[in-house]
file my_file02.pdb (PDB, N, CA and C atoms)
ATOM      1  N   MET A 276     -16.618 -30.790 110.175
ATOM      2  CA  MET A 276     -16.958 -30.116 108.938
ATOM      3  C   MET A 276     -17.890 -31.032 108.136
ATOM      4  N   PRO A 277     -19.021 -30.523 107.598
ATOM      5  CA  PRO A 277     -19.943 -31.366 106.836
ATOM      6  C   PRO A 277     -19.300 -31.863 105.539
ATOM      7  N   ALA A 278     -19.759 -33.033 105.115
ATOM      8  CA  ALA A 278     -19.205 -33.653 103.894
ATOM      9  C   ALA A 278     -19.474 -32.787 102.666
ATOM     10  N   ALA A 279     -20.580 -32.056 102.663
ATOM     11  CA  ALA A 279     -20.911 -31.213 101.512
ATOM     12  C   ALA A 279     -19.890 -30.093 101.341
ATOM     13  N   ALA A 280     -19.293 -29.646 102.421
ATOM     14  CA  ALA A 280     -18.314 -28.566 102.327
ATOM     15  C   ALA A 280     -17.009 -29.055 101.722
ATOM     16  N   LEU A 281     -16.724 -30.344 101.833
ATOM     17  CA  LEU A 281     -15.492 -30.906 101.287
ATOM     18  C   LEU A 281     -15.593 -31.230  99.804
ATOM     19  N   LYS A 282     -16.819 -31.417  99.320
ATOM     20  CA  LYS A 282     -17.015 -31.795  97.927
ATOM     21  C   LYS A 282     -16.806 -30.586  97.022
ATOM     22  N   PRO A 283     -15.965 -30.725  95.956
ATOM     23  CA  PRO A 283     -15.753 -29.574  95.070
ATOM     24  C   PRO A 283     -17.017 -29.243  94.293
ATOM     25  N   LYS A 284     -17.164 -27.969  93.989
ATOM     26  CA  LYS A 284     -18.328 -27.503  93.238
ATOM     27  C   LYS A 284     -18.215 -27.977  91.784
ATOM     28  N   PRO A 285     -19.264 -28.608  91.229
ATOM     29  CA  PRO A 285     -19.176 -29.106  89.848
ATOM     30  C   PRO A 285     -19.133 -27.952  88.850
ATOM     31  N   LEU A 286     -18.572 -28.238  87.685
ATOM     32  CA  LEU A 286     -18.535 -27.242  86.617
ATOM     33  C   LEU A 286     -19.948 -26.973  86.124
ATOM     34  N   PRO A 287     -20.235 -25.763  85.651
ATOM     35  CA  PRO A 287     -21.589 -25.481  85.174
ATOM     36  C   PRO A 287     -21.900 -26.276  83.914
ATOM     37  N   THR A 288     -23.124 -26.729  83.832
ATOM     38  CA  THR A 288     -23.596 -27.412  82.628
ATOM     39  C   THR A 288     -24.496 -26.462  81.864
ATOM     40  N   GLN A 289     -24.998 -26.921  80.735
ATOM     41  CA  GLN A 289     -25.854 -26.074  79.912
ATOM     42  C   GLN A 289     -27.078 -25.621  80.697
ATOM     43  N   SER A 290     -27.620 -26.496  81.553
ATOM     44  CA  SER A 290     -28.846 -26.157  82.265
ATOM     45  C   SER A 290     -28.599 -25.240  83.466
ATOM     46  N   THR A 291     -27.359 -25.207  84.007
ATOM     47  CA  THR A 291     -27.111 -24.395  85.190
ATOM     48  C   THR A 291     -26.298 -23.141  84.901
ATOM     49  N   ALA A 292     -25.713 -23.036  83.728
ATOM     50  CA  ALA A 292     -24.877 -21.879  83.403
ATOM     51  C   ALA A 292     -25.743 -20.665  83.076
ATOM     52  N   LYS A 293     -25.223 -19.494  83.359
ATOM     53  CA  LYS A 293     -25.955 -18.271  83.039
ATOM     54  C   LYS A 293     -25.887 -17.950  81.545
ATOM     55  N   ARG A 294     -24.815 -18.353  80.892
ATOM     56  CA  ARG A 294     -24.647 -18.191  79.445
ATOM     57  C   ARG A 294     -24.425 -19.561  78.827
ATOM     58  N   PRO A 295     -24.657 -19.723  77.513
ATOM     59  CA  PRO A 295     -24.416 -21.025  76.883
ATOM     60  C   PRO A 295     -22.965 -21.464  77.063
ATOM     61  N   VAL A 296     -22.793 -22.741  77.370
ATOM     62  CA  VAL A 296     -21.466 -23.309  77.527
ATOM     63  C   VAL A 296     -20.908 -23.603  76.139
ATOM     64  N   LEU A 297     -19.682 -23.139  75.855
ATOM     65  CA  LEU A 297     -19.086 -23.356  74.547
ATOM     66  C   LEU A 297     -18.721 -24.818  74.355
ATOM     67  N   LEU A 298     -18.649 -25.234  73.093
ATOM     68  CA  LEU A 298     -18.277 -26.603  72.778
ATOM     69  C   LEU A 298     -16.853 -26.879  73.232
ATOM     70  N   ASP A 299     -16.623 -28.096  73.658
ATOM     71  CA  ASP A 299     -15.262 -28.511  73.991
ATOM     72  C   ASP A 299     -14.525 -28.783  72.696
ATOM     73  N   LEU A 300     -13.517 -27.989  72.418
ATOM     74  CA  LEU A 300     -12.729 -28.180  71.204
ATOM     75  C   LEU A 300     -11.325 -28.555  71.609
ATOM     76  N   PRO A 301     -10.567 -29.291  70.887
ATOM     77  CA  PRO A 301     -10.908 -29.810  69.571
ATOM     78  C   PRO A 301     -11.771 -31.059  69.664
ATOM     79  N   TYR A 302     -12.611 -31.212  68.687
ATOM     80  CA  TYR A 302     -13.497 -32.356  68.586
ATOM     81  C   TYR A 302     -12.701 -33.548  68.075
ATOM     82  N   ALA A 303     -12.705 -34.631  68.791
ATOM     83  CA  ALA A 303     -11.963 -35.825  68.370
ATOM     84  C   ALA A 303     -12.948 -36.969  68.179
ATOM     85  N   PRO A 304     -13.218 -37.365  66.933
ATOM     86  CA  PRO A 304     -14.182 -38.445  66.703
ATOM     87  C   PRO A 304     -13.642 -39.782  67.193
ATOM     88  N   LEU A 305     -14.547 -40.690  67.488
ATOM     89  CA  LEU A 305     -14.162 -42.030  67.906
ATOM     90  C   LEU A 305     -13.578 -42.799  66.733
ATOM     91  N   VAL A 306     -12.860 -43.857  67.033
ATOM     92  CA  VAL A 306     -12.305 -44.712  65.985
ATOM     93  C   VAL A 306     -13.470 -45.401  65.281
ATOM     94  N   LYS A 307     -13.491 -45.307  63.970
ATOM     95  CA  LYS A 307     -14.595 -45.869  63.201
ATOM     96  C   LYS A 307     -14.339 -47.336  62.909
ATOM     97  N   SER A 308     -15.384 -48.122  62.967
ATOM     98  CA  SER A 308     -15.283 -49.524  62.588
ATOM     99  C   SER A 308     -15.972 -49.712  61.241
ATOM    100  N   ALA A 309     -15.620 -50.775  60.564
ATOM    101  CA  ALA A 309     -16.175 -51.025  59.238
ATOM    102  C   ALA A 309     -17.661 -51.363  59.331
ATOM    103  N   LEU A 310     -18.421 -50.873  58.367
ATOM    104  CA  LEU A 310     -19.839 -51.194  58.314
ATOM    105  C   LEU A 310     -20.020 -52.598  57.751
ATOM    106  N   PRO A 311     -21.118 -53.259  58.089
ATOM    107  CA  PRO A 311     -21.315 -54.629  57.604
ATOM    108  C   PRO A 311     -21.470 -54.661  56.084
ATOM    109  N   PRO A 312     -20.807 -55.602  55.428
ATOM    110  CA  PRO A 312     -20.907 -55.680  53.967
ATOM    111  C   PRO A 312     -22.217 -56.320  53.511
ATOM    112  N   GLY A 313     -22.532 -56.102  52.238
ATOM    113  CA  GLY A 313     -23.668 -56.790  51.633
ATOM    114  C   GLY A 313     -25.000 -56.076  51.713
ATOM    115  N   ARG A 314     -25.036 -54.893  52.246
ATOM    116  CA  ARG A 314     -26.303 -54.154  52.312
ATOM    117  C   ARG A 314     -26.458 -53.305  51.057
ATOM    118  N   PRO A 315     -27.673 -52.898  50.734
ATOM    119  CA  PRO A 315     -27.860 -51.993  49.592
ATOM    120  C   PRO A 315     -27.232 -50.627  49.883
ATOM    121  N   ARG A 316     -26.816 -49.955  48.822
ATOM    122  CA  ARG A 316     -26.151 -48.652  48.976
ATOM    123  C   ARG A 316     -27.004 -47.665  49.767
ATOM    124  N   GLU A 317     -28.296 -47.671  49.563
ATOM    125  CA  GLU A 317     -29.191 -46.736  50.254
ATOM    126  C   GLU A 317     -29.111 -46.905  51.774
ATOM    127  N   TRP A 318     -28.893 -48.129  52.237
ATOM    128  CA  TRP A 318     -28.777 -48.374  53.671
ATOM    129  C   TRP A 318     -27.574 -47.626  54.233
ATOM    130  N   TYR A 319     -26.435 -47.665  53.541
ATOM    131  CA  TYR A 319     -25.223 -46.991  53.991
ATOM    132  C   TYR A 319     -25.403 -45.472  53.981
ATOM    133  N   VAL A 320     -26.047 -44.963  52.950
ATOM    134  CA  VAL A 320     -26.291 -43.521  52.860
ATOM    135  C   VAL A 320     -27.164 -43.069  54.038
ATOM    136  N   THR A 321     -28.224 -43.801  54.301
ATOM    137  CA  THR A 321     -29.129 -43.453  55.396
ATOM    138  C   THR A 321     -28.430 -43.574  56.747
ATOM    139  N   HIS A 322     -27.643 -44.621  56.923
ATOM    140  CA  HIS A 322     -26.929 -44.841  58.177
ATOM    141  C   HIS A 322     -25.965 -43.684  58.467
ATOM    142  N   ASN A 323     -25.176 -43.317  57.477
ATOM    143  CA  ASN A 323     -24.215 -42.223  57.657
ATOM    144  C   ASN A 323     -24.917 -40.892  57.872
ATOM    145  N   ARG A 324     -26.047 -40.705  57.217
ATOM    146  CA  ARG A 324     -26.815 -39.466  57.404
ATOM    147  C   ARG A 324     -27.342 -39.380  58.827
ATOM    148  N   ARG A 325     -27.817 -40.507  59.361
ATOM    149  CA  ARG A 325     -28.323 -40.516  60.738
ATOM    150  C   ARG A 325     -27.204 -40.205  61.734
ATOM    151  N   LEU A 326     -26.022 -40.786  61.504
ATOM    152  CA  LEU A 326     -24.893 -40.515  62.395
ATOM    153  C   LEU A 326     -24.511 -39.038  62.370
ATOM    154  N   LYS A 327     -24.467 -38.464  61.174
ATOM    155  CA  LYS A 327     -24.117 -37.044  61.039
ATOM    156  C   LYS A 327     -25.169 -36.169  61.715
ATOM    157  N   ALA A 328     -26.449 -36.494  61.519
ATOM    158  CA  ALA A 328     -27.526 -35.718  62.136
ATOM    159  C   ALA A 328     -27.444 -35.807  63.658
ATOM    160  N   LEU A 329     -27.108 -36.969  64.171
ATOM    161  CA  LEU A 329     -26.996 -37.121  65.620
ATOM    162  C   LEU A 329     -25.835 -36.302  66.168
ATOM    163  N   ARG A 330     -24.691 -36.330  65.490
ATOM    164  CA  ARG A 330     -23.550 -35.514  65.924
ATOM    165  C   ARG A 330     -23.909 -34.033  65.931
ATOM    166  N   LEU A 331     -24.586 -33.598  64.871
ATOM    167  CA  LEU A 331     -24.954 -32.183  64.778
ATOM    168  C   LEU A 331     -25.985 -31.792  65.837
ATOM    169  N   ALA A 332     -26.955 -32.675  66.093
ATOM    170  CA  ALA A 332     -27.968 -32.379  67.110
ATOM    171  C   ALA A 332     -27.317 -32.249  68.488
ATOM    172  N   ILE A 333     -26.370 -33.114  68.798
ATOM    173  CA  ILE A 333     -25.682 -33.036  70.085
ATOM    174  C   ILE A 333     -24.882 -31.749  70.181
ATOM    175  N   ALA A 334     -24.175 -31.400  69.105
ATOM    176  CA  ALA A 334     -23.379 -30.164  69.113
ATOM    177  C   ALA A 334     -24.277 -28.937  69.263
ATOM    178  N   LEU A 335     -25.425 -28.933  68.596
ATOM    179  CA  LEU A 335     -26.345 -27.799  68.727
ATOM    180  C   LEU A 335     -26.887 -27.689  70.142
ATOM    181  N   LEU A 336     -27.270 -28.819  70.722
ATOM    182  CA  LEU A 336     -27.779 -28.793  72.094
ATOM    183  C   LEU A 336     -26.699 -28.308  73.056
ATOM    184  N   ASP A 337     -25.457 -28.738  72.841
ATOM    185  CA  ASP A 337     -24.358 -28.287  73.698
ATOM    186  C   ASP A 337     -24.088 -26.793  73.552
ATOM    187  N   SER A 338     -24.369 -26.237  72.373
ATOM    188  CA  SER A 338     -24.080 -24.823  72.149
ATOM    189  C   SER A 338     -25.237 -23.910  72.532
ATOM    190  N   GLY A 339     -26.342 -24.475  72.991
ATOM    191  CA  GLY A 339     -27.429 -23.633  73.477
ATOM    192  C   GLY A 339     -28.643 -23.561  72.581
ATOM    193  N   VAL A 340     -28.628 -24.236  71.454
ATOM    194  CA  VAL A 340     -29.806 -24.289  70.583
ATOM    195  C   VAL A 340     -30.655 -25.443  71.098
ATOM    196  N   LEU A 341     -31.724 -25.127  71.819
ATOM    197  CA  LEU A 341     -32.455 -26.152  72.551
ATOM    198  C   LEU A 341     -33.748 -26.599  71.890
ATOM    199  N   VAL A 342     -34.295 -25.804  70.986
ATOM    200  CA  VAL A 342     -35.549 -26.177  70.338
ATOM    201  C   VAL A 342     -35.356 -26.172  68.828
ATOM    202  N   PRO A 343     -36.109 -27.011  68.118
ATOM    203  CA  PRO A 343     -35.903 -27.150  66.670
ATOM    204  C   PRO A 343     -36.123 -25.870  65.877
ATOM    205  N   ASN A 344     -37.024 -24.994  66.314
ATOM    206  CA  ASN A 344     -37.272 -23.790  65.518
ATOM    207  C   ASN A 344     -36.126 -22.779  65.624
ATOM    208  N   GLN A 345     -35.156 -23.002  66.517
ATOM    209  CA  GLN A 345     -33.948 -22.175  66.566
ATOM    210  C   GLN A 345     -32.878 -22.705  65.622
ATOM    211  N   ALA A 346     -33.038 -23.958  65.171
ATOM    212  CA  ALA A 346     -32.012 -24.621  64.357
ATOM    213  C   ALA A 346     -32.343 -24.444  62.875
ATOM    214  N   HIS A 347     -31.994 -23.295  62.334
ATOM    215  CA  HIS A 347     -32.174 -23.055  60.905
ATOM    216  C   HIS A 347     -31.043 -23.751  60.152
ATOM    217  N   ASN A 348     -31.231 -23.925  58.855
ATOM    218  CA  ASN A 348     -30.207 -24.593  58.050
ATOM    219  C   ASN A 348     -28.849 -23.923  58.185
ATOM    220  N   GLU A 349     -28.823 -22.589  58.211
ATOM    221  CA  GLU A 349     -27.553 -21.868  58.329
ATOM    222  C   GLU A 349     -26.877 -22.159  59.670
ATOM    223  N   THR A 350     -27.674 -22.221  60.744
ATOM    224  CA  THR A 350     -27.136 -22.518  62.058
ATOM    225  C   THR A 350     -26.542 -23.919  62.098
ATOM    226  N   ILE A 351     -27.248 -24.859  61.499
ATOM    227  CA  ILE A 351     -26.775 -26.245  61.478
ATOM    228  C   ILE A 351     -25.488 -26.343  60.659
ATOM    229  N   ARG A 352     -25.449 -25.655  59.521
ATOM    230  CA  ARG A 352     -24.243 -25.708  58.680
ATOM    231  C   ARG A 352     -23.059 -25.009  59.348
ATOM    232  N   ASP A 353     -23.314 -23.925  60.089
ATOM    233  CA  ASP A 353     -22.235 -23.273  60.827
ATOM    234  C   ASP A 353     -21.691 -24.197  61.915
ATOM    235  N   THR A 354     -22.574 -24.926  62.577
ATOM    236  CA  THR A 354     -22.150 -25.877  63.605
ATOM    237  C   THR A 354     -21.353 -27.011  62.982
ATOM    238  N   ALA A 355     -21.763 -27.459  61.792
ATOM    239  CA  ALA A 355     -21.026 -28.518  61.102
ATOM    240  C   ALA A 355     -19.604 -28.065  60.803
ATOM    241  N   GLU A 356     -19.453 -26.828  60.372
ATOM    242  CA  GLU A 356     -18.115 -26.288  60.098
ATOM    243  C   GLU A 356     -17.300 -26.202  61.388
ATOM    244  N   LEU A 357     -17.959 -25.829  62.480
ATOM    245  CA  LEU A 357     -17.285 -25.696  63.762
ATOM    246  C   LEU A 357     -16.744 -27.029  64.273
ATOM    247  N   ILE A 358     -17.516 -28.100  64.113
ATOM    248  CA  ILE A 358     -17.062 -29.399  64.624
ATOM    249  C   ILE A 358     -16.288 -30.189  63.578
ATOM    250  N   GLY A 359     -16.188 -29.666  62.353
ATOM    251  CA  GLY A 359     -15.328 -30.293  61.358
ATOM    252  C   GLY A 359     -15.956 -31.390  60.530
ATOM    253  N   VAL A 360     -17.248 -31.279  60.233
ATOM    254  CA  VAL A 360     -17.883 -32.235  59.325
ATOM    255  C   VAL A 360     -18.336 -31.490  58.075
ATOM    256  N   HIS A 361     -18.529 -32.218  56.995
ATOM    257  CA  HIS A 361     -18.963 -31.599  55.747
ATOM    258  C   HIS A 361     -20.325 -30.944  55.930
ATOM    259  N   PRO A 362     -20.597 -29.871  55.198
ATOM    260  CA  PRO A 362     -21.899 -29.212  55.319
ATOM    261  C   PRO A 362     -23.041 -30.177  55.008
ATOM    262  N   PRO A 363     -24.056 -30.218  55.845
ATOM    263  CA  PRO A 363     -25.158 -31.160  55.638
ATOM    264  C   PRO A 363     -26.121 -30.678  54.559
ATOM    265  N   SER A 364     -26.802 -31.637  53.962
ATOM    266  CA  SER A 364     -27.818 -31.330  52.964
ATOM    267  C   SER A 364     -29.087 -30.848  53.668
ATOM    268  N   ASP A 365     -30.049 -30.399  52.883
ATOM    269  CA  ASP A 365     -31.332 -29.972  53.450
ATOM    270  C   ASP A 365     -32.019 -31.144  54.153
ATOM    271  N   THR A 366     -31.881 -32.344  53.587
ATOM    272  CA  THR A 366     -32.483 -33.538  54.191
ATOM    273  C   THR A 366     -31.873 -33.809  55.562
ATOM    274  N   THR A 367     -30.557 -33.682  55.670
ATOM    275  CA  THR A 367     -29.892 -33.916  56.952
ATOM    276  C   THR A 367     -30.282 -32.830  57.959
ATOM    277  N   CYS A 368     -30.399 -31.594  57.510
ATOM    278  CA  CYS A 368     -30.838 -30.513  58.403
ATOM    279  C   CYS A 368     -32.240 -30.804  58.944
ATOM    280  N   HIS A 369     -33.103 -31.299  58.087
ATOM    281  CA  HIS A 369     -34.454 -31.669  58.511
ATOM    282  C   HIS A 369     -34.391 -32.784  59.557
ATOM    283  N   MET A 370     -33.488 -33.748  59.348
ATOM    284  CA  MET A 370     -33.337 -34.856  60.279
ATOM    285  C   MET A 370     -32.805 -34.373  61.634
ATOM    286  N   VAL A 371     -31.913 -33.386  61.619
ATOM    287  CA  VAL A 371     -31.387 -32.818  62.867
ATOM    288  C   VAL A 371     -32.532 -32.208  63.668
ATOM    289  N   ARG A 372     -33.370 -31.426  62.998
ATOM    290  CA  ARG A 372     -34.511 -30.816  63.696
ATOM    291  C   ARG A 372     -35.471 -31.885  64.236
ATOM    292  N   ALA A 373     -35.672 -32.947  63.464
ATOM    293  CA  ALA A 373     -36.543 -34.023  63.910
ATOM    294  C   ALA A 373     -35.964 -34.704  65.155
ATOM    295  N   LEU A 374     -34.651 -34.921  65.180
ATOM    296  CA  LEU A 374     -34.023 -35.519  66.356
ATOM    297  C   LEU A 374     -34.185 -34.621  67.571
ATOM    298  N   MET A 375     -34.036 -33.332  67.395
ATOM    299  CA  MET A 375     -34.195 -32.403  68.512
ATOM    300  C   MET A 375     -35.640 -32.378  68.984
ATOM    301  N   ARG A 376     -36.563 -32.526  68.077
ATOM    302  CA  ARG A 376     -37.990 -32.491  68.414
ATOM    303  C   ARG A 376     -38.400 -33.728  69.207
ATOM    304  N   TYR A 377     -37.946 -34.897  68.795
ATOM    305  CA  TYR A 377     -38.415 -36.140  69.394
ATOM    306  C   TYR A 377     -37.557 -36.610  70.555
ATOM    307  N   SER A 378     -36.516 -35.877  70.908
ATOM    308  CA  SER A 378     -35.683 -36.289  72.028
ATOM    309  C   SER A 378     -36.268 -35.853  73.372
ATOM    310  N   ARG A 379     -37.351 -35.105  73.327
ATOM    311  CA  ARG A 379     -37.941 -34.607  74.574
ATOM    312  C   ARG A 379     -38.827 -35.615  75.209
TER     313      ARG A 379
END
call {"tool": "encode", "arguments": {"input": "my_file02.pdb", "output": "structure tokens"}}
result
Amino acid sequence: MPAAALKPKPLPTQSTAKRPVLLDLPYAPLVKSALPPGRPREWYVTHNRRLKALRLAIALLDSGVLVPNQAHNETIRDTAELIGVHPPSDTTCHMVRALMRYSR
């Protein structure tokens, strides 16, 4: 019997599934570590915004939103509610679209 016949068939991914693959719920965030002290407040705000935008961009890509022009503010905010993060600001929504645009 060929080795390929013994190997189990992998689960469908976003690129091979006929329909969008739903998010794996429940979402469990990683254990957070303390941020380095002594930086200006703006650095912390920007850092946390980037982390939130990255989480949202990954969740959108996993749910089938593959291009930035599909990611409207309402879509991003609905995804934020789905994964359990606070609704993002317009600036964060813009950053999510930018991450999706430049990840190609």
call {"tool": "atom_distance", "arguments": {"input": "my_file02.pdb", "atom1": "atom N of Thr354 of chain A", "atom2": "atom C of Val342 of chain A"}}
result
14.3 Å
call {"tool": "residues_around", "arguments": {"input": "my_file02.pdb", "residues": "Asn348 of chain A", "least_positions_apart": "2", "cutoff": "8 Å", "atoms": "all atoms listed in the file", "output": "ChimeraX atom specification"}}
result
/A:345-346,350-354,364-365,368-369
call {"tool": "atom_distance", "arguments": {"input": "my_file02.pdb", "atom1": "atom C of Ala328 of chain A", "atom2": "atom C of Val371 of chain A"}}
result
6.2 Å
call {"tool": "atom_distance", "arguments": {"input": "my_file02.pdb", "atom1": "atom C of Ala332 of chain A", "atom2": "atom CA of Trp318 of chain A"}}
result
21.9 Å
call {"tool": "residues_around", "arguments": {"input": "my_file02.pdb", "residues": "Arg376 of chain A", "least_positions_apart": "3", "cutoff": "8 Å", "atoms": "only C-alpha atoms", "output": "list in words"}}
result
Val342, Pro343, Arg372, Ala373 and Arg379 of chain A
call {"tool": "residues_around", "arguments": {"input": "my_file02.pdb", "residues": "Lys327 of chain A", "least_positions_apart": "5", "cutoff": "8 Å", "atoms": "all atoms listed in the file", "output": "ChimeraX atom specification"}}
result
/A:321-322,332-333,363,367,370-371
call {"tool": "closest_residue", "arguments": {"input": "my_file02.pdb", "among": "A:Arg330, A:Arg325, A:Leu374, A:Asn344", "to": "Gly359 of chain A", "atoms": "only C-alpha atoms"}}
result
A:Arg330
